[in-house]
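Peer 1: My structure is stored as structure.cif, with mmCIF, C-alpha atoms and all ligand atoms.
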data_entry
loop_
_atom_site.label_atom_id
_atom_site.label_comp_id
_atom_site.auth_asym_id
_atom_site.auth_seq_id
_atom_site.Cartn_x
_atom_site.Cartn_y
_atom_site.Cartn_z
CA MET J 160 -4.91 5.51 -31.98
CA LYS J 161 -3.12 8.54 -33.50
CA ILE J 162 -0.99 10.41 -30.95
CA VAL J 163 0.48 13.82 -31.79
CA VAL J 164 3.58 14.42 -29.66
CA ASP J 165 5.78 17.52 -29.22
CA ALA J 166 9.08 16.88 -31.03
CA ASN J 167 11.00 17.78 -27.83
CA VAL J 168 9.54 14.86 -25.82
CA PRO J 169 12.29 12.23 -25.41
CA ALA J 170 11.51 8.51 -25.75
CA ALA J 171 8.18 9.34 -27.42
CA GLU J 172 8.35 6.45 -29.90
CA ALA J 173 9.56 4.01 -27.23
CA CYS J 174 6.62 4.87 -24.96
CA PHE J 175 3.69 6.17 -27.00
CA GLY J 176 4.62 3.92 -29.96
CA THR J 177 3.46 0.95 -27.87
CA LEU J 178 0.00 2.57 -27.63
CA GLY J 179 -0.57 3.86 -31.17
CA GLU J 180 0.83 5.75 -34.15
CA VAL J 181 3.12 8.62 -33.08
CA VAL J 182 3.30 11.85 -35.11
CA ARG J 183 5.97 14.33 -33.99
CA VAL J 184 5.32 18.07 -34.35
CA PRO J 185 7.46 20.99 -33.02
CA GLY J 186 5.72 22.34 -29.91
CA ARG J 187 5.28 25.88 -31.21
CA GLU J 188 3.60 24.55 -34.38
CA ILE J 189 0.94 22.49 -32.62
CA ASP J 190 -2.50 24.04 -33.14
CA ALA J 191 -6.08 22.93 -33.73
CA ALA J 192 -5.32 21.98 -37.35
CA THR J 193 -2.47 19.68 -36.24
CA VAL J 194 -4.74 17.53 -34.12
CA LEU J 195 -7.87 17.37 -36.29
CA ASP J 196 -7.65 13.58 -36.70
CA ALA J 197 -5.67 12.81 -33.53
CA ASP J 198 -7.04 10.78 -30.61
CA ALA J 199 -4.44 12.06 -28.16
CA LEU J 200 -2.08 15.01 -27.85
CA VAL J 201 1.11 15.11 -25.79
CA VAL J 202 2.65 18.55 -25.26
CA ARG J 203 5.23 20.42 -23.22
CA SER J 204 4.89 23.93 -21.80
CA ILE J 205 5.42 25.89 -25.03
CA THR J 206 2.12 24.73 -26.58
CA ARG J 207 -0.78 26.92 -25.48
CA VAL J 208 -3.90 24.78 -25.18
CA ASP J 209 -6.55 27.42 -24.58
CA ALA J 210 -10.34 27.51 -24.83
CA ALA J 211 -10.24 28.82 -28.42
CA MET J 212 -8.05 25.92 -29.57
CA ILE J 213 -10.19 23.31 -27.79
CA GLU J 214 -13.41 24.77 -29.21
CA GLU J 215 -11.94 24.74 -32.73
CA VAL J 216 -10.81 21.14 -32.30
CA LYS J 217 -14.24 20.04 -31.07
CA ARG J 218 -16.11 22.01 -33.76
CA SER J 219 -14.12 20.15 -36.40
CA GLY J 220 -15.41 16.81 -35.11
CA SER J 221 -11.93 15.69 -34.04
CA PRO J 222 -11.74 12.39 -32.09
CA LEU J 223 -9.34 14.01 -29.58
CA ARG J 224 -10.12 12.63 -26.10
CA PHE J 225 -6.84 12.99 -24.17
CA ILE J 226 -4.23 15.72 -23.70
CA GLY J 227 -1.17 15.25 -21.52
CA THR J 228 1.62 17.67 -20.71
CA CYS J 229 4.99 16.12 -19.79
CA THR J 230 5.66 19.05 -17.45
CA ILE J 231 5.06 20.14 -13.88
CA GLY J 232 3.63 23.55 -14.79
CA THR J 233 0.09 23.62 -16.21
CA ASP J 234 -0.43 27.35 -16.80
CA HIS J 235 -0.37 26.76 -20.60
CA MET J 236 -3.46 24.53 -20.32
CA ASP J 237 -7.07 25.62 -19.91
CA GLU J 238 -8.14 22.73 -17.71
CA GLN J 239 -11.70 24.02 -17.38
CA ALA J 240 -12.15 24.10 -21.18
CA LEU J 241 -10.81 20.53 -21.39
CA ALA J 242 -13.24 19.35 -18.71
CA ASP J 243 -16.13 21.21 -20.37
CA HIS J 244 -15.45 19.35 -23.62
CA GLY J 245 -14.92 15.95 -22.01
CA ILE J 246 -11.21 15.75 -22.83
CA ALA J 247 -9.18 13.84 -20.26
CA PHE J 248 -6.11 15.69 -18.96
CA ALA J 249 -2.89 14.64 -17.25
CA SER J 250 0.24 16.50 -16.18
CA ALA J 251 3.49 15.21 -14.69
CA PRO J 252 3.74 16.53 -11.11
CA GLY J 253 7.22 16.43 -9.64
CA CYS J 254 8.82 14.95 -12.80
CA ASN J 255 11.75 17.37 -13.02
CA ALA J 256 11.76 18.69 -9.45
CA GLU J 257 15.14 17.07 -8.61
CA ALA J 258 16.70 18.74 -11.67
CA VAL J 259 15.46 22.16 -10.58
CA VAL J 260 16.95 21.64 -7.13
CA ASP J 261 20.28 20.62 -8.74
CA TYR J 262 20.13 23.85 -10.76
CA VAL J 263 19.47 25.98 -7.67
CA LEU J 264 22.30 24.39 -5.67
CA ALA J 265 24.77 24.61 -8.55
CA SER J 266 23.83 28.26 -9.19
CA LEU J 267 24.24 29.21 -5.55
CA ALA J 268 27.58 27.39 -5.38
CA THR J 269 28.70 29.35 -8.46
CA LEU J 270 27.72 32.68 -6.90
CA ALA J 271 29.41 31.73 -3.62
CA GLU J 272 32.65 31.19 -5.55
CA ARG J 273 32.26 34.33 -7.66
CA GLN J 274 31.29 36.62 -4.81
CA ASP J 275 33.46 34.92 -2.18
CA PHE J 276 30.84 33.98 0.40
CA ARG J 277 30.16 30.73 2.23
CA LEU J 278 26.82 29.19 1.35
CA ALA J 279 26.64 27.67 4.81
CA GLU J 280 26.47 31.19 6.25
CA ARG J 281 23.55 32.29 4.08
CA ARG J 282 19.88 32.07 5.04
CA VAL J 283 17.69 30.92 2.19
CA GLY J 284 14.03 31.84 1.76
CA ILE J 285 11.94 29.41 -0.28
CA VAL J 286 8.70 30.71 -1.78
CA GLY J 287 6.41 27.89 -2.88
CA VAL J 288 7.14 24.73 -0.92
CA GLY J 289 5.66 22.06 -3.18
CA ASN J 290 7.48 19.38 -5.16
CA VAL J 291 10.41 21.64 -6.05
CA GLY J 292 10.52 23.95 -3.01
CA GLY J 293 9.95 21.06 -0.61
CA ARG J 294 12.85 19.08 -2.05
CA LEU J 295 15.03 22.20 -2.01
CA LEU J 296 14.15 22.75 1.64
CA GLY J 297 15.06 19.13 2.40
CA ARG J 298 18.43 19.25 0.64
CA LEU J 299 19.50 22.66 1.99
CA THR J 300 18.52 21.68 5.53
CA ALA J 301 20.46 18.43 5.18
CA MET J 302 23.47 20.53 4.08
CA GLY J 303 23.19 22.55 7.29
CA ILE J 304 21.87 25.69 5.57
CA GLU J 305 19.21 27.66 7.40
CA CYS J 306 15.94 28.08 5.47
CA LEU J 307 12.70 30.00 5.90
CA ALA J 308 9.65 28.81 3.98
CA CYS J 309 6.66 30.67 2.57
CA ASP J 310 3.58 28.91 1.19
CA PRO J 311 0.31 30.54 2.23
CA PRO J 312 -1.94 28.14 0.24
CA ARG J 313 -0.30 25.17 1.95
CA VAL J 314 -0.50 26.76 5.39
CA GLU J 315 -4.18 27.47 4.75
CA ALA J 316 -4.90 23.94 3.56
CA GLU J 317 -2.90 22.33 6.34
CA SER J 318 -4.45 24.59 8.98
CA ILE J 319 -7.86 23.32 7.97
CA GLU J 320 -6.52 19.79 8.17
CA GLU J 321 -4.82 20.60 11.48
CA GLU J 322 -8.16 21.31 13.10
CA ARG J 323 -8.91 17.65 12.57
CA THR J 324 -5.48 16.04 13.01
CA GLY J 325 -3.55 18.26 15.41
CA PRO J 326 -0.67 20.65 14.76
CA GLU J 327 2.18 19.43 12.61
CA GLY J 328 4.21 20.56 9.65
CA LEU J 329 3.42 24.26 9.84
CA ALA J 330 6.41 25.39 11.90
CA GLY J 331 8.90 27.45 9.93
CA PHE J 332 6.39 28.95 7.47
CA HIS J 333 6.37 32.75 7.19
CA ASP J 334 4.91 35.42 4.97
CA LEU J 335 6.80 36.62 1.90
CA ASP J 336 7.73 40.00 3.37
CA THR J 337 9.36 38.27 6.36
CA LEU J 338 11.49 36.21 3.96
CA ILE J 339 12.46 39.40 2.11
CA ASP J 340 13.43 41.05 5.40
CA GLU J 341 15.30 38.13 6.92
CA CYS J 342 16.92 36.11 4.13
CA ASP J 343 20.07 36.51 2.05
CA VAL J 344 18.77 34.40 -0.81
CA LEU J 345 15.18 34.28 -2.07
CA CYS J 346 14.20 31.32 -4.27
CA LEU J 347 10.87 31.44 -6.12
CA HIS J 348 9.24 28.11 -6.92
CA THR J 349 5.64 29.16 -7.34
CA PRO J 350 3.33 28.24 -10.20
CA LEU J 351 1.79 31.02 -12.28
CA VAL J 352 -1.64 31.66 -10.76
CA SER J 353 -3.44 34.56 -12.41
CA GLU J 354 -6.26 35.17 -9.98
CA GLY J 355 -7.57 34.42 -6.51
CA PRO J 356 -6.29 35.13 -3.00
CA HIS J 357 -2.89 33.56 -3.71
CA ALA J 358 -2.30 34.88 -7.22
CA THR J 359 1.39 34.83 -8.14
CA HIS J 360 1.47 37.16 -11.15
CA HIS J 361 4.14 39.75 -10.19
CA LEU J 362 4.34 38.24 -6.71
CA LEU J 363 7.70 40.00 -6.67
CA ASP J 364 6.39 43.41 -7.71
CA ALA J 365 8.20 46.76 -7.78
CA ARG J 366 7.61 47.33 -4.03
CA ARG J 367 9.07 43.97 -3.04
CA ILE J 368 11.95 44.27 -5.50
CA ALA J 369 12.80 47.67 -3.97
CA ALA J 370 12.70 46.04 -0.50
CA LEU J 371 15.41 43.46 -1.33
CA ALA J 372 18.44 44.35 0.77
CA PRO J 373 21.76 45.10 -0.96
CA GLY J 374 23.70 41.86 -1.42
CA MET J 375 20.61 39.69 -1.73
CA VAL J 376 20.28 36.96 -4.33
CA LEU J 377 16.93 36.60 -6.11
CA LEU J 378 16.50 33.30 -7.93
CA ASN J 379 13.43 32.56 -10.04
CA ALA J 380 12.92 29.03 -11.37
CA GLY J 381 9.11 29.05 -11.07
CA ARG J 382 7.46 31.05 -13.84
CA GLY J 383 8.71 34.30 -15.40
CA ASP J 384 5.50 36.21 -14.76
CA CYS J 385 5.89 35.76 -11.00
CA VAL J 386 8.49 38.60 -11.10
CA ASP J 387 8.00 42.11 -12.48
CA GLY J 388 10.88 41.94 -14.94
CA ARG J 389 10.84 45.64 -15.71
CA ALA J 390 11.15 46.59 -12.04
CA LEU J 391 13.92 44.02 -11.59
CA ARG J 392 15.80 45.35 -14.63
CA GLN J 393 15.56 48.88 -13.27
CA ARG J 394 16.86 47.78 -9.86
CA LEU J 395 19.77 45.86 -11.43
CA ALA J 396 20.63 48.66 -13.87
CA GLY J 397 20.23 51.45 -11.33
CA GLN J 398 21.72 50.19 -8.12
CA GLY J 399 23.30 46.91 -9.25
CA ASP J 400 23.48 45.86 -5.62
CA ILE J 401 21.56 42.59 -5.79
CA THR J 402 22.16 39.48 -7.87
CA ALA J 403 19.51 37.84 -10.02
CA VAL J 404 19.54 34.21 -11.10
CA LEU J 405 16.83 33.83 -13.71
CA ASP J 406 15.78 30.66 -15.48
CA VAL J 407 12.25 31.77 -16.33
CA TRP J 408 11.16 35.01 -17.95
CA GLU J 409 8.23 37.11 -18.98
CA HIS J 410 7.45 36.80 -22.72
CA GLU J 411 9.51 33.64 -23.42
CA PRO J 412 11.13 33.11 -25.86
CA ALA J 413 11.39 36.84 -26.76
CA ILE J 414 12.73 37.73 -23.32
CA ASP J 415 14.12 41.08 -22.19
CA ALA J 416 17.73 40.99 -23.47
CA ALA J 417 18.79 43.84 -21.17
CA LEU J 418 17.56 41.92 -18.13
CA ALA J 419 19.39 38.81 -19.34
CA ASP J 420 22.60 40.88 -19.61
CA LEU J 421 22.19 42.16 -16.06
CA ALA J 422 21.40 38.80 -14.45
CA GLY J 423 24.30 37.06 -12.67
CA ILE J 424 23.09 33.78 -14.14
CA ALA J 425 20.61 33.84 -17.02
CA THR J 426 19.40 30.53 -18.42
CA PRO J 427 16.74 29.68 -21.05
CA HIS J 428 14.13 27.88 -18.93
CA VAL J 429 16.22 24.75 -18.53
CA ALA J 430 16.40 24.34 -14.75
CA GLY J 431 14.31 21.17 -15.07
CA TYR J 432 16.03 19.90 -18.22
CA SER J 433 17.78 16.80 -16.92
CA LEU J 434 17.28 13.75 -19.12
CA ASP J 435 15.96 11.99 -16.01
CA GLY J 436 13.37 14.73 -15.43
CA LYS J 437 12.22 14.74 -19.05
CA LEU J 438 11.99 10.94 -19.16
CA ARG J 439 9.94 10.93 -15.95
CA GLY J 440 7.61 13.45 -17.58
CA THR J 441 7.23 11.26 -20.71
CA HIS J 442 6.72 8.15 -18.59
CA GLN J 443 4.07 9.74 -16.36
CA ILE J 444 2.02 10.79 -19.42
CA TYR J 445 2.57 7.42 -21.13
CA ARG J 446 1.07 5.72 -18.07
CA ALA J 447 -1.82 8.18 -17.94
CA LEU J 448 -2.63 7.70 -21.64
CA ALA J 449 -2.38 3.91 -21.34
CA HIS J 450 -4.77 4.02 -18.39
CA HIS J 451 -7.15 6.31 -20.30
CA ALA J 452 -7.10 3.99 -23.33
CA GLY J 453 -7.42 0.82 -21.21
CA LEU J 454 -4.07 -0.47 -22.50
CA PRO J 455 -1.21 -1.99 -20.49
CA ALA J 456 1.82 0.27 -19.72
CA ARG J 457 4.61 -2.28 -19.59
CA LEU J 458 7.64 0.03 -19.81
CA THR J 459 9.21 1.14 -16.55
CA ILE J 460 11.25 4.32 -16.14
CA ASN J 461 14.36 2.11 -15.82
CA ASP J 462 13.78 0.85 -19.37
CA LEU J 463 14.23 4.40 -20.66
CA ALA J 464 17.28 5.95 -18.94
CA PRO J 465 20.75 5.13 -20.33
CA PRO J 466 23.70 4.81 -17.93
CA PRO J 467 25.13 8.21 -16.94
CA PRO J 468 28.30 9.40 -18.77
CA VAL J 469 30.13 9.68 -15.41
CA ALA J 470 28.86 7.15 -12.92
CA ARG J 471 31.49 7.28 -10.17
CA LEU J 472 33.99 9.72 -8.74
CA VAL J 473 36.60 8.94 -6.08
CA LEU J 474 37.44 11.74 -3.64
CA ASP J 475 40.64 11.73 -1.60
CA GLY J 476 41.38 14.36 1.02
CA GLY J 477 42.71 17.83 0.32
CA LEU J 478 39.59 19.66 -0.83
CA SER J 479 37.63 22.10 1.30
CA SER J 480 33.93 21.31 1.62
CA GLU J 481 33.06 24.15 -0.82
CA GLU J 482 35.62 22.94 -3.36
CA ALA J 483 34.40 19.36 -3.14
CA LEU J 484 30.78 20.41 -3.50
CA ARG J 485 31.47 22.60 -6.54
CA LEU J 486 33.59 19.95 -8.19
CA CYS J 487 30.98 17.20 -7.77
CA MET J 488 28.15 19.47 -8.89
CA ARG J 489 30.00 20.59 -12.00
CA VAL J 490 30.72 17.03 -13.06
CA VAL J 491 26.95 16.67 -13.43
CA HIS J 492 25.59 20.16 -14.09
CA ASP J 493 27.09 23.61 -14.54
CA PRO J 494 24.58 26.47 -15.06
CA ARG J 495 27.43 28.68 -16.38
CA ARG J 496 27.35 26.57 -19.56
CA ASP J 497 23.64 27.34 -20.06
CA HIS J 498 24.21 31.03 -19.26
CA ASP J 499 26.98 31.22 -21.88
CA SER J 500 24.91 29.36 -24.50
CA LEU J 501 21.96 31.69 -24.05
CA HIS J 502 24.09 34.78 -24.58
CA ARG J 503 25.99 33.26 -27.49
CA GLU J 504 22.89 31.98 -29.30
CA ALA J 505 20.98 35.24 -28.67
CA ARG J 506 23.86 37.17 -30.30
CA ARG J 507 23.95 34.71 -33.22
CA LEU J 508 20.25 34.25 -33.93
CA GLY J 509 18.39 36.96 -32.02
CA MET J 510 16.83 36.39 -28.62
CA ALA J 511 13.66 34.41 -29.43
CA LYS J 512 15.38 31.98 -31.83
CA GLY J 513 18.47 31.72 -29.63
CA PHE J 514 16.38 31.01 -26.52
CA ASP J 515 14.35 28.29 -28.23
CA GLY J 516 17.45 26.88 -29.96
CA CYS J 517 19.24 26.38 -26.63
CA ARG J 518 16.22 24.47 -25.33
CA THR J 519 15.67 22.33 -28.43
CA HIS J 520 19.35 21.35 -28.67
CA TYR J 521 19.96 21.06 -24.94
CA PRO J 522 23.00 18.86 -24.22
CA LEU J 523 22.77 15.69 -22.17
CA ARG J 524 22.42 16.43 -18.49
CA ARG J 525 21.83 13.96 -15.66
CA GLU J 526 20.96 14.55 -12.01
CA PHE J 527 23.24 14.66 -8.95
CA ALA J 528 21.77 11.33 -7.82
CA SER J 529 23.20 9.68 -10.97
CA LEU J 530 26.74 10.20 -9.62
CA GLU J 531 28.15 7.90 -6.98
CA LEU J 532 30.88 9.45 -4.85
CA SER J 533 33.39 7.11 -3.31
CA LEU J 534 35.04 8.81 -0.34
CA ARG J 535 38.54 7.76 0.71
CA GLU J 536 39.66 8.19 4.30
CA GLY J 537 40.73 11.83 4.00
CA ALA J 538 37.38 12.82 2.51
CA LEU J 539 35.06 10.96 4.88
CA GLY J 540 34.14 14.19 6.67
CA LEU J 541 32.46 15.40 3.47
CA ALA J 542 29.84 12.62 3.55
CA PRO J 543 27.00 14.50 5.32
CA LEU J 544 27.33 17.57 3.08
CA LEU J 545 27.53 15.62 -0.18
CA THR J 546 24.71 13.26 0.78
CA GLY J 547 22.63 16.26 1.81
CA ALA J 548 23.29 17.89 -1.57
CA GLY J 549 21.78 14.86 -3.30
CA PHE J 550 24.74 12.68 -4.34
CA ARG J 551 24.95 8.96 -3.65
CA VAL J 552 27.88 8.54 -1.28
CA ALA J 553 29.80 5.32 -0.64
CA THR J 554 32.30 5.35 2.21
CA ASP J 555 33.96 1.93 1.75
N1 LIG Z 601 12.30 26.36 -14.41
C1 LIG Z 601 11.89 25.14 -14.68
O1 LIG Z 601 12.47 24.45 -15.49
C2 LIG Z 601 10.73 24.58 -13.92
C3 LIG Z 601 10.68 23.19 -13.71
C4 LIG Z 601 9.63 22.68 -12.97
C5 LIG Z 601 8.64 23.51 -12.47
N2 LIG Z 601 8.70 24.84 -12.72
C6 LIG Z 601 7.68 25.76 -12.18
O2 LIG Z 601 7.75 25.68 -10.78
C7 LIG Z 601 6.44 25.62 -10.27
C8 LIG Z 601 6.46 24.87 -8.97
O3 LIG Z 601 6.73 23.50 -9.20
P1 LIG Z 601 6.31 22.41 -8.11
O4 LIG Z 601 6.55 21.09 -8.73
O5 LIG Z 601 6.98 22.68 -6.82
O6 LIG Z 601 4.77 22.66 -8.00
P2 LIG Z 601 3.83 22.27 -6.80
O7 LIG Z 601 2.44 22.47 -7.27
O8 LIG Z 601 4.22 20.94 -6.26
O9 LIG Z 601 4.18 23.36 -5.68
C9 LIG Z 601 3.92 24.73 -5.84
C10 LIG Z 601 3.78 25.30 -4.44
O10 LIG Z 601 3.64 26.72 -4.57
C11 LIG Z 601 2.69 27.13 -3.59
N3 LIG Z 601 2.12 28.42 -3.89
C12 LIG Z 601 1.11 28.72 -4.74
N4 LIG Z 601 0.83 30.04 -4.68
C13 LIG Z 601 1.71 30.59 -3.81
C14 LIG Z 601 1.92 31.91 -3.33
N5 LIG Z 601 1.17 32.93 -3.73
N6 LIG Z 601 2.93 32.11 -2.45
C15 LIG Z 601 3.70 31.08 -2.02
N7 LIG Z 601 3.51 29.80 -2.41
C16 LIG Z 601 2.52 29.56 -3.30
C17 LIG Z 601 1.65 26.00 -3.61
O11 LIG Z 601 0.85 26.00 -2.45
C18 LIG Z 601 2.52 24.78 -3.73
O12 LIG Z 601 2.87 24.24 -2.47
C19 LIG Z 601 5.62 24.92 -11.38
O13 LIG Z 601 4.27 25.28 -11.32
C20 LIG Z 601 6.27 25.39 -12.63
O14 LIG Z 601 5.60 26.55 -13.07
C21 LIG Z 601 9.73 25.40 -13.42
O1 LIG Z 602 6.82 23.03 -15.84
C1 LIG Z 602 7.81 22.36 -16.08
O2 LIG Z 602 7.85 21.13 -15.90
C2 LIG Z 602 9.07 23.03 -16.55
O3 LIG Z 602 8.91 24.38 -16.59
C3 LIG Z 602 9.59 22.40 -17.83
O4 LIG Z 602 10.96 22.25 -17.72
C4 LIG Z 602 9.25 23.21 -19.03
O5 LIG Z 602 9.91 22.69 -20.14
P1 LIG Z 602 9.23 22.75 -21.59
O6 LIG Z 602 7.89 22.10 -21.45
O7 LIG Z 602 9.05 24.19 -21.92
O8 LIG Z 602 10.12 22.00 -22.50
#
Now that the file is in, can you turn its structure into structure tokens?

Peer 2:
Amino acid sequence: MKIVVDANVPAAEACFGTLGEVVRVPGREIDAATVLDADALVVRSITRVDAAMIEEVKRSGSPLRFIGTCTIGTDHMDEQALADHGIAFASAPGCNAEAVVDYVLASLATLAERQDFRLAERRVGIVGVGNVGGRLLGRLTAMGIECLACDPPRVEAESIEEERTGPEGLAGFHDLDTLIDECDVLCLHTPLVSEGPHATHHLLDARRIAALAPGMVLLNAGRGDCVDGRALRQRLAGQGDITAVLDVWEHEPAIDAALADLAGIATPHVAGYSLDGKLRGTHQIYRALAHHAGLPARLTINDLAPPPPVARLVLDGGLSSEEALRLCMRVVHDPRRDHDSLHREARRLGMAKGFDGCRTHYPLRREFASLELSLREGALGLAPLLTGAGFRVATD
């Protein structure tokens, strides 16, 4: 079996090499011609697999029968065209959700320090309460931070279910305009949905961007097209009274440089770029391809991940809860580094090349859960906050 794999998929040889011959191709270069004699294709989000590509592949008589994307998002795939041509499809739901939550918490902790506010006193609105938003809700709530949730498709689906099973799980869900009115921080974790009753293209449109109260933080780690970037740029340039944290952008990789300059934190679509998250994505697609091909998938995720560079940190007393949180987060992940790299590489290479370069050469990053915190007596009071934030805490 010949398997074409995006060059930015880690552990590709270790996993897919047990199933067939692996050929690595940079994601932006993968097209119909690349996969003419391939049996399987493994991509990430930068490869557009649309109807035209699938039709060209099939017209050429290619043996291609399986396409997997090692990502959560699937808006780069035309799933209907794949089904129409009998090509099996798999994605990697939830694979990097923990990494995105780490990114959100570390970004908010950075803004709290920069703007001198206490995160615990902020109310956070979460739009899209799936794998990412749901985990974010869980961690923020465990940290004692008040949250409001918005997920109309889920409410609709669960309401139908509720008629059969009784009311549960719907409390605390509100509409988007309520979150805009009542929250200090708005976090977008929606997929890009182009049509239908719950379309998300420009979900944050000019009207909603104008309605954000001065002082609000808008964070987008879903998809760039969920926010009207032009309207956001105008609001930031004109009034400059809100803060934007942007990891995803319209027109990646040639993103709006002026918007990137105005954002408090601007990162090149790397919120989910922990090694753990990428390896989970590879492993999920490896299992799906093995299943499709009727082959055994013997590797476990534990076979793939190396030990973390910092495994354990001992905390004594003397730090405030905010200081301790920031310190522990930054040992694992600091979004300021990614913000600086994006600006530096964009100046050096131009935006599109700089953006892609930061992603291709992304430094090693692990997840909060890879760090064990050992709390000495004076720091024991920090345990609930640090556990809630996602660290492993030992109190012996
Ligand atoms: N920045 C990154 O690195 C990164 C990493 C992972 C995922 N993502 C993006 O984040 C998205 C969400 O990831 P996930 O794993 O939570 O997906 P998911 O499918 O588990 O959850 C998405 C949630 O959004 C809800 N939703 C859909 N339309 C909505 C609307 N109009 N308003 C409010 N909620 C709506 C869905 O009902 C669902 O509960 C992905 O589709 C992907 O595009 C980005
Ligand atoms: O959808 C996802 O999983 C994320 O957006 C993912 O981090 C995208 O990374 P890429 O596929 O572009 O490398």

Peer 1: Point out the residue among J:Arg298, J:Ala192, J:Leu307, J:Thr402 with the least atom-to-atom distance to J:Pro543, counting all atoms listed in the file.

Peer 2: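 Looking at the shortest contact to J:Pro543, the residue is J:Arg298.
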
Peer 1: Using all atoms listed in the file, which residues of the polymer chains come no farther than 8 Å from ligand LIG 602 (chain Z)? I'd like the answer as a list in words.

Peer 2: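 Within the 8 Å cut-off, the matching residues are Asn167, Val168, Val202, Arg203, Ser204, Ile205, Thr228, Cys229, Thr230, Ile231, Gly232, Thr233, Ala251, Pro252, Gly253, Cys254, Asn255, Ala256, Gly381, Arg382, His428, Val429, Ala430, Gly431, Tyr432, Lys437, Gly440 and Arg518 of chain J.
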
Peer 1: Please, what distance in Å, to one decimal, runs between atom C9 of ligand LIG 601 (chain Z) and atom CA of J:Val288?

Peer 2: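 Atom C9 of ligand LIG 601 (chain Z) sits 5.9 Å away from atom CA of J:Val288.
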
Peer 1: Quick one: pull the distance between atom CA of J:Ile246 and atom CA of J:Leu223, Å, one decimal.

Peer 2: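 These atoms are spaced 7.2 Å apart.
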
Peer 1: Please report the interatomic distance between atom O8 of ligand LIG 601 (chain Z) and atom CA of J:Glu411 in Å with one decimal.

Peer 2: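 Here the two named atoms are 22.0 Å from each other.
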
Peer 1: Pick from J:Ala422, J:Leu539, J:Ala413, J:Val283: nearest to J:Phe514, with all atoms listed in the file counted?

Peer 2: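 Result for the nearest residue to J:Phe514: J:Ala413.
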
Peer 1: Which of these residues is nearest to ligand LIG 601 (chain Z), using only C-alpha atoms and all ligand atoms: J:Asp275, J:Asp406, J:Glu172, J:Asp499?

Peer 2: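 Checking each candidate against ligand LIG 601 (chain Z), we get J:Asp406 as the closest.
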
Peer 1: Of the candidates J:Ala210, J:Val260, J:Val286, J:Ala191, which one gets nearest to ligand LIG 601 (chain Z) if we count all atoms listed in the file?

Peer 2: J:Val286

Peer 1: Skip stretch 161-164 of chain J itself and residues of its chain fewer than 4 positions away, then list as a list of chain:residue names all residues within 8 Å of it, counting all atoms listed in the file.

Peer 2: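 So the residues in contact are J:Val168, J:Ala171, J:Phe175, J:Gly179, J:Glu180, J:Val181, J:Val182, J:Arg183, J:Val184, J:Thr193, J:Val194, J:Asp196, J:Ala197, J:Asp198, J:Ala199, J:Leu200, J:Val201, J:Val202.
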
Peer 1: For J:Asp209, work out the shell of residues within 10 Å, counting all atoms listed in the file and skipping chain neighbours fewer than 2 positions away, then give it as a list in words.

Peer 2: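 Contacts, in chain order: Thr206, Arg207, Ala211, Met212, Ile213, Glu214, Asp234, His235, Met236, Asp237, Glu238, Gln239, Ala240 and Leu241 of chain J.
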
Peer 1: Excluding J:Leu418 and any residue of its chain fewer than 6 positions from it, enumerate the residues within 8 Å of it, using all atoms listed in the file, and give them as a list in words.

Peer 2: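 Here the qualifying residues turn out to be Gly388, Leu391 and Arg392 of chain J.
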
Peer 1: Smallest atom-to-atom distance to J:Arg294: which of J:Asp384, J:Ala166, J:Gly547, J:Val473, using all atoms listed in the file?

Peer 2: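 Using all atoms listed in the file, the shortest distance to J:Arg294 belongs to J:Gly547.
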
Peer 1: Each side padded by 4 Å, which centre and which edge lengths in Å (one decimal) define the axis-aligned box around the listed atoms of stretch 484-487 of chain J? Give them as lines of an AutoDock Vina configuration file.

Peer 2:
center_x = 32.2
center_y = 19.9
center_z = -5.8
size_x = 10.8
size_y = 13.4
size_z = 12.7

Peer 1: Go through J:Gly383, J:Pro222, J:Pro185, J:Pro494 one by one, measure the shortest atom-to-atom distance of each to J:His360 using all atoms listed in the file, and give the residue with the smallest value.

Peer 2: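 Checking each of J:Gly383, J:Pro222, J:Pro185, J:Pro494 against J:His360, counting all atoms listed in the file, the winner is J:Gly383.
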
Peer 1: Around the point (-5.7, 8.9, -23.2) (coordinates from the file), which residues reach within 9 Å if we count all atoms listed in the file? Answer as a list of chain:residue names.

Peer 2: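 Here the neighbourhood of the point contains J:Asp198, J:Ala199, J:Leu200, J:Leu223, J:Arg224, J:Phe225, J:Ile226, J:Gly227, J:Ile246, J:Ala247, J:Phe248, J:Ala249, J:Ile444, J:Tyr445, J:Ala447, J:Leu448, J:Ala449, J:His450, J:His451, J:Ala452, J:Gly453.
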